[in-house]
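Engineer: For reference, this is final30.tsv, and it has TSV, N, CA and C atoms and all ligand atoms.
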chain	number	residue	atom	x	y	z
A	1	MET	N	-11.76	6.21	-63.46
A	1	MET	CA	-12.68	6.55	-62.36
A	1	MET	C	-14.08	6.06	-62.70
A	2	ASP	N	-14.76	5.56	-61.70
A	2	ASP	CA	-16.08	4.99	-61.94
A	2	ASP	C	-17.15	6.08	-61.80
A	3	CYS	N	-17.18	6.95	-62.80
A	3	CYS	CA	-18.13	8.07	-62.75
A	3	CYS	C	-18.99	8.03	-64.01
A	4	LEU	N	-20.30	7.97	-63.82
A	4	LEU	CA	-21.23	7.85	-64.94
A	4	LEU	C	-21.05	8.98	-65.96
A	5	PHE	N	-20.96	10.22	-65.47
A	5	PHE	CA	-20.89	11.33	-66.42
A	5	PHE	C	-19.51	11.43	-67.07
A	6	CYS	N	-18.43	10.99	-66.39
A	6	CYS	CA	-17.14	10.88	-67.08
A	6	CYS	C	-17.25	9.87	-68.21
A	7	LYS	N	-17.98	8.78	-67.98
A	7	LYS	CA	-18.16	7.77	-69.03
A	7	LYS	C	-18.99	8.32	-70.19
A	8	ILE	N	-19.98	9.15	-69.90
A	8	ILE	CA	-20.75	9.78	-70.97
A	8	ILE	C	-19.87	10.78	-71.72
A	9	VAL	N	-19.05	11.54	-70.98
A	9	VAL	CA	-18.13	12.50	-71.62
A	9	VAL	C	-17.17	11.79	-72.55
A	10	ASN	N	-16.62	10.64	-72.11
A	10	ASN	CA	-15.61	10.00	-72.98
A	10	ASN	C	-16.22	8.99	-73.94
A	11	GLY	N	-17.55	8.91	-73.99
A	11	GLY	CA	-18.21	8.11	-75.01
A	11	GLY	C	-18.40	6.64	-74.67
A	12	GLN	N	-17.94	6.22	-73.48
A	12	GLN	CA	-18.14	4.83	-73.04
A	12	GLN	C	-19.62	4.51	-72.90
A	13	ILE	N	-20.40	5.52	-72.49
A	13	ILE	CA	-21.85	5.38	-72.39
A	13	ILE	C	-22.46	6.40	-73.34
A	14	PRO	N	-23.38	5.96	-74.22
A	14	PRO	CA	-23.94	6.90	-75.20
A	14	PRO	C	-24.89	7.91	-74.57
A	15	SER	N	-25.03	9.04	-75.22
A	15	SER	CA	-25.99	10.04	-74.77
A	15	SER	C	-26.56	10.75	-75.99
A	16	ASN	N	-27.68	11.38	-75.77
A	16	ASN	CA	-28.34	12.15	-76.83
A	16	ASN	C	-27.86	13.60	-76.68
A	17	LYS	N	-26.86	13.97	-77.47
A	17	LYS	CA	-26.15	15.23	-77.26
A	17	LYS	C	-26.90	16.43	-77.82
A	18	VAL	N	-26.82	17.52	-77.08
A	18	VAL	CA	-27.37	18.80	-77.55
A	18	VAL	C	-26.24	19.71	-78.02
A	19	TYR	N	-25.12	19.70	-77.29
A	19	TYR	CA	-23.99	20.58	-77.59
A	19	TYR	C	-22.74	19.96	-77.00
A	20	GLU	N	-21.62	20.11	-77.73
A	20	GLU	CA	-20.34	19.63	-77.19
A	20	GLU	C	-19.23	20.52	-77.71
A	21	ASP	N	-18.29	20.82	-76.84
A	21	ASP	CA	-17.03	21.42	-77.29
A	21	ASP	C	-15.92	20.83	-76.43
A	22	GLU	N	-14.75	21.45	-76.45
A	22	GLU	CA	-13.61	20.84	-75.76
A	22	GLU	C	-13.75	20.88	-74.23
A	23	ARG	N	-14.65	21.74	-73.74
A	23	ARG	CA	-14.73	21.92	-72.28
A	23	ARG	C	-15.99	21.37	-71.64
A	24	ILE	N	-17.08	21.31	-72.41
A	24	ILE	CA	-18.36	20.93	-71.80
A	24	ILE	C	-19.16	20.02	-72.73
A	25	LEU	N	-20.12	19.31	-72.12
A	25	LEU	CA	-21.06	18.49	-72.89
A	25	LEU	C	-22.47	18.74	-72.34
A	26	ALA	N	-23.42	18.90	-73.26
A	26	ALA	CA	-24.83	19.02	-72.88
A	26	ALA	C	-25.59	17.89	-73.56
A	27	PHE	N	-26.42	17.19	-72.79
A	27	PHE	CA	-27.17	16.05	-73.33
A	27	PHE	C	-28.51	15.95	-72.63
A	28	TYR	N	-29.46	15.28	-73.29
A	28	TYR	CA	-30.80	15.15	-72.71
A	28	TYR	C	-30.80	14.19	-71.54
A	29	ASP	N	-31.53	14.57	-70.48
A	29	ASP	CA	-31.68	13.71	-69.31
A	29	ASP	C	-32.48	12.46	-69.70
A	30	ILE	N	-32.03	11.31	-69.21
A	30	ILE	CA	-32.65	10.03	-69.56
A	30	ILE	C	-34.05	9.91	-68.94
A	31	ASN	N	-34.30	10.66	-67.89
A	31	ASN	CA	-35.58	10.58	-67.18
A	31	ASN	C	-36.13	12.00	-66.99
A	32	PRO	N	-36.63	12.60	-68.09
A	32	PRO	CA	-36.93	14.04	-68.06
A	32	PRO	C	-37.99	14.42	-67.04
A	33	GLU	N	-37.73	15.53	-66.35
A	33	GLU	CA	-38.68	16.05	-65.36
A	33	GLU	C	-39.38	17.31	-65.86
A	34	ALA	N	-39.18	17.63	-67.14
A	34	ALA	CA	-39.92	18.71	-67.80
A	34	ALA	C	-39.97	18.32	-69.28
A	35	LYS	N	-40.79	19.04	-70.05
A	35	LYS	CA	-40.90	18.70	-71.48
A	35	LYS	C	-39.52	18.69	-72.14
A	36	ILE	N	-38.70	19.68	-71.76
A	36	ILE	CA	-37.30	19.68	-72.23
A	36	ILE	C	-36.41	19.70	-70.99
A	37	HIS	N	-35.53	18.72	-70.91
A	37	HIS	CA	-34.66	18.56	-69.74
A	37	HIS	C	-33.26	18.18	-70.22
A	38	VAL	N	-32.36	19.12	-70.10
A	38	VAL	CA	-30.97	18.94	-70.57
A	38	VAL	C	-30.04	19.00	-69.37
A	39	LEU	N	-28.98	18.22	-69.41
A	39	LEU	CA	-27.93	18.29	-68.40
A	39	LEU	C	-26.68	18.88	-69.04
A	40	VAL	N	-26.02	19.78	-68.33
A	40	VAL	CA	-24.75	20.33	-68.83
A	40	VAL	C	-23.67	19.99	-67.82
A	41	VAL	N	-22.57	19.41	-68.31
A	41	VAL	CA	-21.48	19.01	-67.43
A	41	VAL	C	-20.16	19.57	-67.95
A	42	PRO	N	-19.26	19.90	-67.00
A	42	PRO	CA	-17.88	20.17	-67.43
A	42	PRO	C	-17.23	18.84	-67.78
A	43	LYS	N	-16.35	18.83	-68.79
A	43	LYS	CA	-15.65	17.58	-69.11
A	43	LYS	C	-14.69	17.20	-67.99
A	44	ALA	N	-14.11	18.20	-67.34
A	44	ALA	CA	-13.27	17.93	-66.17
A	44	ALA	C	-14.15	17.44	-65.03
A	45	HIS	N	-13.68	16.42	-64.31
A	45	HIS	CA	-14.48	15.88	-63.21
A	45	HIS	C	-14.42	16.82	-62.01
A	46	ILE	N	-15.57	17.40	-61.69
A	46	ILE	CA	-15.76	18.17	-60.46
A	46	ILE	C	-16.92	17.47	-59.76
A	47	GLU	N	-16.76	17.15	-58.48
A	47	GLU	CA	-17.74	16.29	-57.82
A	47	GLU	C	-19.13	16.92	-57.67
A	48	SER	N	-19.15	18.18	-57.29
A	48	SER	CA	-20.43	18.84	-57.04
A	48	SER	C	-20.18	20.33	-56.90
A	49	ALA	N	-21.26	21.08	-56.71
A	49	ALA	CA	-21.12	22.53	-56.51
A	49	ALA	C	-20.33	22.85	-55.24
A	50	SER	N	-20.29	21.89	-54.31
A	50	SER	CA	-19.50	22.11	-53.09
A	50	SER	C	-18.00	22.12	-53.37
A	51	GLU	N	-17.61	21.62	-54.53
A	51	GLU	CA	-16.18	21.53	-54.88
A	51	GLU	C	-15.74	22.66	-55.81
A	52	ILE	N	-16.63	23.62	-56.07
A	52	ILE	CA	-16.24	24.74	-56.93
A	52	ILE	C	-15.27	25.63	-56.16
A	53	ASN	N	-14.16	25.96	-56.81
A	53	ASN	CA	-13.14	26.79	-56.15
A	53	ASN	C	-12.50	27.74	-57.17
A	54	GLN	N	-11.53	28.51	-56.73
A	54	GLN	CA	-10.88	29.51	-57.59
A	54	GLN	C	-10.26	28.89	-58.83
A	55	THR	N	-9.79	27.65	-58.70
A	55	THR	CA	-9.10	27.00	-59.82
A	55	THR	C	-10.07	26.51	-60.89
A	56	ASN	N	-11.23	25.97	-60.46
A	56	ASN	CA	-12.12	25.36	-61.46
A	56	ASN	C	-13.36	26.20	-61.79
A	57	SER	N	-13.53	27.33	-61.13
A	57	SER	CA	-14.77	28.10	-61.35
A	57	SER	C	-14.87	28.64	-62.77
A	58	ASN	N	-13.74	28.70	-63.49
A	58	ASN	CA	-13.82	29.12	-64.90
A	58	ASN	C	-14.64	28.14	-65.73
A	59	GLU	N	-14.62	26.85	-65.35
A	59	GLU	CA	-15.45	25.88	-66.08
A	59	GLU	C	-16.93	26.15	-65.84
A	60	VAL	N	-17.25	26.54	-64.62
A	60	VAL	CA	-18.65	26.85	-64.27
A	60	VAL	C	-19.09	28.12	-64.99
A	61	ALA	N	-18.22	29.13	-65.00
A	61	ALA	CA	-18.54	30.37	-65.71
A	61	ALA	C	-18.76	30.08	-67.19
A	62	TYR	N	-17.93	29.22	-67.73
A	62	TYR	CA	-18.04	28.88	-69.16
A	62	TYR	C	-19.38	28.18	-69.44
A	63	ILE	N	-19.78	27.27	-68.55
A	63	ILE	CA	-21.09	26.61	-68.72
A	63	ILE	C	-22.20	27.65	-68.77
A	64	PHE	N	-22.14	28.63	-67.85
A	64	PHE	CA	-23.21	29.63	-67.83
A	64	PHE	C	-23.16	30.56	-69.05
A	65	GLU	N	-21.95	30.78	-69.59
A	65	GLU	CA	-21.87	31.53	-70.86
A	65	GLU	C	-22.60	30.80	-71.97
A	66	LYS	N	-22.53	29.46	-71.95
A	66	LYS	CA	-23.08	28.66	-73.03
A	66	LYS	C	-24.54	28.28	-72.83
A	67	ILE	N	-25.06	28.42	-71.63
A	67	ILE	CA	-26.42	27.96	-71.35
A	67	ILE	C	-27.47	28.57	-72.29
A	68	PRO	N	-27.42	29.86	-72.61
A	68	PRO	CA	-28.45	30.39	-73.53
A	68	PRO	C	-28.44	29.67	-74.88
A	69	GLN	N	-27.26	29.43	-75.40
A	69	GLN	CA	-27.14	28.74	-76.69
A	69	GLN	C	-27.63	27.29	-76.58
A	70	ILE	N	-27.28	26.63	-75.47
A	70	ILE	CA	-27.69	25.23	-75.28
A	70	ILE	C	-29.21	25.14	-75.15
A	71	ALA	N	-29.80	26.06	-74.39
A	71	ALA	CA	-31.26	26.07	-74.23
A	71	ALA	C	-31.92	26.26	-75.59
A	72	SER	N	-31.40	27.17	-76.36
A	72	SER	CA	-31.96	27.44	-77.68
A	72	SER	C	-31.81	26.24	-78.61
A	73	LEU	N	-30.64	25.59	-78.59
A	73	LEU	CA	-30.42	24.39	-79.42
A	73	LEU	C	-31.38	23.27	-79.04
A	74	ALA	N	-31.74	23.21	-77.74
A	74	ALA	CA	-32.65	22.17	-77.27
A	74	ALA	C	-34.11	22.49	-77.61
A	75	GLY	N	-34.35	23.68	-78.13
A	75	GLY	CA	-35.71	24.05	-78.54
A	75	GLY	C	-36.47	24.84	-77.50
A	76	ILE	N	-35.76	25.33	-76.48
A	76	ILE	CA	-36.40	26.14	-75.45
A	76	ILE	C	-36.50	27.58	-75.95
A	77	THR	N	-37.71	28.11	-75.95
A	77	THR	CA	-37.92	29.45	-76.52
A	77	THR	C	-38.53	30.44	-75.54
A	78	ASN	N	-39.00	29.95	-74.40
A	78	ASN	CA	-39.84	30.81	-73.56
A	78	ASN	C	-39.37	30.84	-72.11
A	79	GLY	N	-38.07	30.65	-71.89
A	79	GLY	CA	-37.54	30.68	-70.53
A	79	GLY	C	-37.21	29.30	-70.01
A	80	PHE	N	-36.36	29.28	-69.02
A	80	PHE	CA	-35.90	28.00	-68.47
A	80	PHE	C	-35.49	28.17	-67.02
A	81	ARG	N	-35.33	27.05	-66.35
A	81	ARG	CA	-34.84	27.01	-64.96
A	81	ARG	C	-33.55	26.21	-64.96
A	82	VAL	N	-32.55	26.68	-64.19
A	82	VAL	CA	-31.28	25.96	-64.04
A	82	VAL	C	-31.16	25.53	-62.58
A	83	ILE	N	-30.87	24.23	-62.39
A	83	ILE	CA	-30.78	23.67	-61.04
A	83	ILE	C	-29.51	22.84	-60.94
A	84	THR	N	-28.85	22.91	-59.79
A	84	THR	CA	-27.82	21.92	-59.50
A	84	THR	C	-28.04	21.39	-58.09
A	85	ASN	N	-27.97	20.08	-57.95
A	85	ASN	CA	-28.05	19.44	-56.64
A	85	ASN	C	-26.65	19.16	-56.15
A	86	SER	N	-26.41	19.42	-54.88
A	86	SER	CA	-25.08	19.22	-54.32
A	86	SER	C	-25.19	18.54	-52.97
A	87	GLY	N	-24.76	17.28	-52.92
A	87	GLY	CA	-24.71	16.58	-51.64
A	87	GLY	C	-25.98	15.85	-51.27
A	88	LEU	N	-25.91	15.21	-50.11
A	88	LEU	CA	-26.94	14.25	-49.69
A	88	LEU	C	-28.33	14.85	-49.55
A	89	ASP	N	-28.43	15.98	-48.86
A	89	ASP	CA	-29.76	16.55	-48.61
A	89	ASP	C	-30.44	16.99	-49.90
A	90	SER	N	-29.65	17.28	-50.92
A	90	SER	CA	-30.22	17.71	-52.21
A	90	SER	C	-30.66	16.53	-53.06
A	91	CYS	N	-30.29	15.30	-52.62
A	91	CYS	CA	-30.52	14.09	-53.41
A	91	CYS	C	-29.68	14.05	-54.69
A	92	GLN	N	-28.50	14.66	-54.67
A	92	GLN	CA	-27.59	14.50	-55.81
A	92	GLN	C	-27.33	13.01	-56.00
A	93	SER	N	-27.55	12.52	-57.22
A	93	SER	CA	-27.41	11.08	-57.46
A	93	SER	C	-26.20	10.75	-58.32
A	94	VAL	N	-25.70	11.69	-59.09
A	94	VAL	CA	-24.49	11.46	-59.89
A	94	VAL	C	-23.45	12.47	-59.41
A	95	MET	N	-22.32	11.93	-58.92
A	95	MET	CA	-21.34	12.78	-58.26
A	95	MET	C	-20.34	13.38	-59.26
A	96	HIS	N	-20.89	14.01	-60.27
A	96	HIS	CA	-20.11	14.79	-61.25
A	96	HIS	C	-20.96	16.03	-61.50
A	97	LEU	N	-20.41	17.18	-61.20
A	97	LEU	CA	-21.16	18.44	-61.29
A	97	LEU	C	-21.97	18.52	-62.58
A	98	HIS	N	-23.26	18.82	-62.42
A	98	HIS	CA	-24.12	18.99	-63.61
A	98	HIS	C	-25.20	20.00	-63.31
A	99	PHE	N	-25.59	20.71	-64.35
A	99	PHE	CA	-26.66	21.70	-64.25
A	99	PHE	C	-27.83	21.20	-65.07
A	100	HIS	N	-28.98	21.11	-64.42
A	100	HIS	CA	-30.22	20.75	-65.10
A	100	HIS	C	-30.78	22.02	-65.76
A	101	ILE	N	-31.11	21.94	-67.03
A	101	ILE	CA	-31.84	23.02	-67.70
A	101	ILE	C	-33.23	22.46	-67.98
A	102	LEU	N	-34.23	23.10	-67.39
A	102	LEU	CA	-35.61	22.63	-67.52
A	102	LEU	C	-36.43	23.69	-68.25
A	103	GLY	N	-37.22	23.26	-69.21
A	103	GLY	CA	-38.05	24.22	-69.94
A	103	GLY	C	-38.99	23.51	-70.89
A	104	GLY	N	-39.46	24.28	-71.87
A	104	GLY	CA	-40.37	23.72	-72.87
A	104	GLY	C	-41.81	23.70	-72.44
A	105	GLU	N	-42.08	24.20	-71.24
A	105	GLU	CA	-43.44	24.26	-70.71
A	105	GLU	C	-43.42	25.22	-69.52
A	106	LYS	N	-44.60	25.61	-69.06
A	106	LYS	CA	-44.69	26.41	-67.83
A	106	LYS	C	-44.34	25.53	-66.65
A	107	LEU	N	-43.32	25.90	-65.90
A	107	LEU	CA	-42.87	25.08	-64.77
A	107	LEU	C	-43.64	25.49	-63.51
A	108	PRO	N	-43.76	24.56	-62.55
A	108	PRO	CA	-44.38	24.94	-61.27
A	108	PRO	C	-43.60	26.09	-60.63
A	109	GLU	N	-44.33	26.97	-59.96
A	109	GLU	CA	-43.70	28.18	-59.41
A	109	GLU	C	-42.67	27.85	-58.34
A	110	HIS	N	-42.97	26.84	-57.55
A	110	HIS	CA	-42.06	26.49	-56.44
A	110	HIS	C	-41.49	25.11	-56.69
A	111	ILE	N	-40.24	24.92	-56.25
A	111	ILE	CA	-39.60	23.64	-56.50
A	111	ILE	C	-39.76	22.70	-55.31
A	112	ARG	N	-40.44	23.12	-54.26
A	112	ARG	CA	-40.81	22.19	-53.20
A	112	ARG	C	-42.04	22.70	-52.49
B	201	LIG	P1	-29.08	14.56	-59.85
B	201	LIG	O1	-30.16	13.78	-59.17
B	201	LIG	O2	-27.71	14.00	-59.50
B	201	LIG	O3	-29.17	16.04	-59.69
B	201	LIG	O4	-29.29	14.34	-61.41
B	201	LIG	C1	-28.83	13.23	-62.11
B	201	LIG	C2	-29.60	13.16	-63.38
B	201	LIG	O5	-28.96	12.29	-64.27
B	201	LIG	C3	-31.04	12.62	-63.19
B	201	LIG	O6	-31.97	13.61	-63.64
B	201	LIG	C4	-31.06	11.36	-64.04
B	201	LIG	O7	-32.29	11.17	-64.71
B	201	LIG	C5	-29.91	11.58	-65.01
B	201	LIG	N1	-29.27	10.35	-65.48
B	201	LIG	C6	-28.89	9.29	-64.72
B	201	LIG	N2	-28.29	8.36	-65.49
B	201	LIG	C7	-28.30	8.85	-66.76
B	201	LIG	C8	-27.82	8.32	-68.02
B	201	LIG	O8	-27.26	7.23	-68.11
B	201	LIG	N3	-28.01	9.09	-69.12
B	201	LIG	C9	-28.63	10.33	-69.05
B	201	LIG	N4	-28.76	11.00	-70.22
B	201	LIG	N5	-29.08	10.84	-67.89
B	201	LIG	C10	-28.92	10.11	-66.76
B	202	ZN	ZN	-16.92	12.42	-63.49
What is this structure when it is put down as structure tokens?

Structural biologist:
Amino acid sequence: MDCLFCKIVNGQIPSNKVYEDERILAFYDINPEAKIHVLVVPKAHIESASEINQTNSNEVAYIFEKIPQIASLAGITNGFRVITNSGLDSCQSVMHLHFHILGGEKLPEHIR
């Protein structure tokens, strides 16, 4: 499948990894929008948050279980924001579910 994040998951495209296990991968965003900007993806291909269902939601729950540890490994000590874009109006650009973890500085209060 021609999916950028599947290629990062399987090592075809390199990434700067923060955390990896059998189910998820966390890596630094190539174009950071905060001092610390990490992406967390399930290794299983899920297109977007619109595709979360009863069968795959355990992968999403698992990501959220791991987010505190991933944020800490990335050097975030004072809070963070988690964002996912889903679909055209959100400007989702990579069609493999991912959660942005933003931190390392005081973030703007509003996201638009
Ligand atoms: P989206 O806009 O879909 O919510 O987020 C996609 C994110 O992936 C963007 O923040 C973008 O900077 C990041 N990105 C795109 N291509 C690559 C890449 O090849 N490597 C890494 N590490 N991040 C990427
Ligand atoms: Zn994928």

Engineer: Within 6 Å of ligand ZN 202 (chain B), counting only N, CA and C atoms and all ligand atoms: which residues, as a PyMOL selection string?

Structural biologist: chain A and resi 3-7+44-46+95-96

Engineer: If you count all atoms listed in the file, which residues end up within 6 Å of ligand LIG 201 (chain B), as a PyMOL selection string?

Structural biologist: chain A and resi 15-16+27-32+84-85+91-95

Engineer: Check the smallest atom-to-atom distance from each of A:Asn58, A:Glu105, A:Phe64, A:Leu39 to Gly79 (chain A) using all atoms listed in the file, then report the winner.

Structural biologist: A:Glu105

Engineer: Which residues are near Tyr19 (chain A)? Cut-off 9 Å, only C-alpha atoms, ignore same chain within fewer than 5 positions. Put them as an NGL selection string.

Structural biologist: :A and (24-27 or 40 or 69-70 or 73-74)

Engineer: Nearest residue to Val41 (chain A) out of A:Ser57, A:Ser86, A:Ile63, A:Leu107, using all atoms listed in the file?

Structural biologist: A:Ile63

Engineer: Got a sec to tell me which of region 3-105 of chain A DSSP assigns to strand (DSSP E or B), as a ChimeraX atom specification?

Structural biologist: /A:17-20,24-28,36-42,80-83,99-103

Engineer: Would you fill out region 65-76 of chain A with all heavy atoms and return it as a compact mmCIF listing (two decimals), in the frame of the given file?

Structural biologist:
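Ended up saving to part-v4.txt:
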# COMPACT_ATOMS: atom_id res chain seq x y z
N GLU A 65 -21.95 30.78 -69.59
CA GLU A 65 -21.87 31.53 -70.86
C GLU A 65 -22.60 30.80 -71.97
O GLU A 65 -23.18 31.41 -72.86
CB GLU A 65 -20.41 31.68 -71.30
CG GLU A 65 -19.66 32.79 -70.67
CD GLU A 65 -18.18 32.73 -71.08
OE1 GLU A 65 -17.87 32.41 -72.25
OE2 GLU A 65 -17.34 32.99 -70.20
N LYS A 66 -22.53 29.46 -71.95
CA LYS A 66 -23.08 28.66 -73.03
C LYS A 66 -24.54 28.28 -72.83
O LYS A 66 -25.19 27.81 -73.76
CB LYS A 66 -22.24 27.38 -73.19
CG LYS A 66 -20.86 27.62 -73.77
CD LYS A 66 -20.97 28.03 -75.23
CE LYS A 66 -19.60 28.35 -75.81
NZ LYS A 66 -19.72 28.87 -77.20
N ILE A 67 -25.06 28.42 -71.63
CA ILE A 67 -26.42 27.96 -71.35
C ILE A 67 -27.47 28.57 -72.29
O ILE A 67 -28.34 27.84 -72.78
CB ILE A 67 -26.76 28.14 -69.85
CG1 ILE A 67 -26.20 26.93 -69.07
CG2 ILE A 67 -28.27 28.27 -69.63
CD1 ILE A 67 -26.39 27.01 -67.56
N PRO A 68 -27.42 29.86 -72.61
CA PRO A 68 -28.45 30.39 -73.53
C PRO A 68 -28.44 29.67 -74.88
O PRO A 68 -29.51 29.33 -75.42
CB PRO A 68 -28.07 31.87 -73.67
CG PRO A 68 -27.31 32.18 -72.42
CD PRO A 68 -26.56 30.93 -72.08
N GLN A 69 -27.26 29.43 -75.40
CA GLN A 69 -27.14 28.74 -76.69
C GLN A 69 -27.63 27.29 -76.58
O GLN A 69 -28.34 26.79 -77.46
CB GLN A 69 -25.68 28.77 -77.14
CG GLN A 69 -25.45 28.16 -78.51
CD GLN A 69 -23.96 28.07 -78.85
OE1 GLN A 69 -23.09 28.60 -78.14
NE2 GLN A 69 -23.66 27.37 -79.95
N ILE A 70 -27.28 26.63 -75.47
CA ILE A 70 -27.69 25.23 -75.28
C ILE A 70 -29.21 25.14 -75.15
O ILE A 70 -29.84 24.28 -75.77
CB ILE A 70 -26.99 24.64 -74.03
CG1 ILE A 70 -25.48 24.48 -74.30
CG2 ILE A 70 -27.61 23.30 -73.64
CD1 ILE A 70 -24.64 24.24 -73.06
N ALA A 71 -29.80 26.06 -74.39
CA ALA A 71 -31.26 26.07 -74.23
C ALA A 71 -31.92 26.26 -75.59
O ALA A 71 -32.89 25.56 -75.93
CB ALA A 71 -31.67 27.17 -73.25
N SER A 72 -31.40 27.17 -76.36
CA SER A 72 -31.96 27.44 -77.68
C SER A 72 -31.81 26.24 -78.61
O SER A 72 -32.75 25.86 -79.32
CB SER A 72 -31.27 28.70 -78.20
OG SER A 72 -31.45 28.81 -79.56
N LEU A 73 -30.64 25.59 -78.59
CA LEU A 73 -30.42 24.39 -79.42
C LEU A 73 -31.38 23.27 -79.04
O LEU A 73 -31.79 22.47 -79.88
CB LEU A 73 -28.98 23.89 -79.25
CG LEU A 73 -27.88 24.68 -79.95
CD1 LEU A 73 -26.50 24.21 -79.47
CD2 LEU A 73 -27.99 24.51 -81.47
N ALA A 74 -31.74 23.21 -77.74
CA ALA A 74 -32.65 22.17 -77.27
C ALA A 74 -34.11 22.49 -77.61
O ALA A 74 -34.99 21.67 -77.35
CB ALA A 74 -32.48 21.98 -75.76
N GLY A 75 -34.35 23.68 -78.13
CA GLY A 75 -35.71 24.05 -78.54
C GLY A 75 -36.47 24.84 -77.50
O GLY A 75 -37.68 25.03 -77.61
N ILE A 76 -35.76 25.33 -76.48
CA ILE A 76 -36.40 26.14 -75.45
C ILE A 76 -36.50 27.58 -75.95
O ILE A 76 -35.49 28.16 -76.35
CB ILE A 76 -35.59 26.07 -74.13
CG1 ILE A 76 -35.66 24.65 -73.55
CG2 ILE A 76 -36.09 27.10 -73.13
CD1 ILE A 76 -34.77 24.42 -72.34
